[in-house]
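> Sharing a structure below in structure tokens format, with a few things to ask.
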Amino acid sequence: MSAGTGLSKISFGNNIPGWATAVSKSPAVIVLQEWWGVTDEIKRQAQYLHEQKGYRVLIPDLYKGKLGVDAEEAGHLMGNLDFPQAVEEIKQAAKWLKEQGAPKVGCMGFCMGGALSFLAGQEADVDAIAPFYGTPDPSWPRYPLRPEQIKIPVQCHDGEEDAMEGLADPKTVKEFIEKVKANGNKDVTLYMYSGEGHGFMNGGQDIHKMMKTGGLPIGSTEAQKTAWGRVFDFFGKNL
């Protein structure tokens, strides 16, 4: 069973489900889901990265097949996620990719996946992270936050109009980035996108319908193109 050209349903590590492209000796990128789950949109984004730059991509299915069809259900799914277990599965994803031949592994994610990308940078054997509009919330009693321990390159993306307070609003993101820099990591970049809100990278009509259930604005194709170009350059330099 496949979703788009090249992505197939697989299992890795301790029988963790996910979607991945075929084994290769190319660098790899773990792509982490939004709070909705592994939607067709996140598969399209992973596939786009694979098609454009040849990276092997892996999407761990952190919800084990469950999907939030609207914002309320997605919020419940994220609220019930075992974050320590999710981080462990991301660690297994990086290990599995390197065991299968990837010389380096990056990680990128969106919304909840952006927050988890920072935790991957803190805990997993990844070589660079590109989080989008998501930071780990220190009020979550879910995982110890040690942003100052992130020593790898970081390229973070956020919308100037992001209203997800405590997760991805500009103040929260900027403060978290300063914590990442606090212990001397000089390879940390934050890009802010004028006029863009939460989820601005989503381009599919199906995900747009889901976003509307949470009052989320639709991003511009110009911002999406700019962000992808920056990600391509970042991973090209660091993977």
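In the structure tokens, chains take the letters A, B, ... in the order shown, each chain's residues start at 1, and ligands count up from 1 in the order shown.
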What are the closest atom pairs, with distances in Å to one decimal, for each residue of segment 77-182 of chain A lying within 12 Å of segment 212-216 of chain A, using only C-alpha atoms, rows by chain and rising residue number, as CSV?

```
residue,atom,partner,partner_atom,distance
A:Gly159,CA,A:Leu216,CA,11.9
A:Glu161,CA,A:Leu216,CA,10.6
A:Asp162,CA,A:Leu216,CA,9.1
A:Ala163,CA,A:Leu216,CA,8.9
A:Met164,CA,A:Leu216,CA,9.6
```
> Which polymer residues have any atom within 8 Å of an atom of segment 126-136 of chain A, counting only C-alpha atoms, with same-chain residues fewer than 4 positions away left out, as an MDAnalysis selection string?
chainID A and resid 94 104:121 140 145 152:159 162 167:169 172:173 176 198:199 231 235 238:239
> In segment 108-141 of chain A, what's strand (DSSP E) per DSSP? Answer as a ChimeraX atom specification?
/A:108-110,128-132
> Using only C-alpha atoms, can you tell me which of A:Ile59, A:Ile16, A:Ala74, A:Val29 comes closest to Glu88 of chain A?
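Closest to Glu88 of chain A of all the choices is A:Ile16.
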> For a quick check of understanding, using only C-alpha atoms, which of A:Gly101, A:Pro147, A:Gly54, A:Gly195 has the smallest distance to Gly6 of chain A?
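Between A:Gly101, A:Pro147, A:Gly54, A:Gly195, the residue approaching Gly6 of chain A most closely is A:Gly54.
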> Find, counting only C-alpha atoms, the residue in A:Trp228, A:Tyr143, A:Asn14, A:Asn185 that gets nearest to Ala46 of chain A.
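For Ala46 of chain A, the nearest of the candidates is A:Trp228.
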> Just checking: using only C-alpha atoms, which residue out of A:Gln47, A:Thr39, A:Gln52, A:Gln100 ends up closest to Gly13 of chain A?
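That would be A:Gln100, the residue with the smallest distance to Gly13 of chain A.
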> Taking the backbone alone, and naming residues the way the document does, which bits of segment 34-207 of chain A are alpha helix (DSSP H) by DSSP, as a ChimeraX atom specification?
/A:40-53,71-80,83-99,112-123,170-181,205-207
> Which one of A:Asp137, A:Gly204, A:Leu77, A:Val87 sits closest to Leu32 of chain A if you count only C-alpha atoms?
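Nearest to Leu32 of chain A: A:Val87.
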> Hey, can you check how far atom CA of Val69 of chain A sits from atom CA of Met210 of chain A?
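Atom CA of Met210 of chain A lies 6.4 Å from atom CA of Val69 of chain A.
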> Between atom CA of Tyr191 of chain A and atom CA of Glu148 of chain A, what is the distance in Å, rounded to a tenth?
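Atom CA of Glu148 of chain A lies at a distance of 19.6 Å from atom CA of Tyr191 of chain A.
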> Using only C-alpha atoms, find the one residue out of A:Ala93, A:Val57, A:Ile10, A:Ala102 that sits nearest to Pro27 of chain A.
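Closest residue, counting only C-alpha atoms: A:Ala102.
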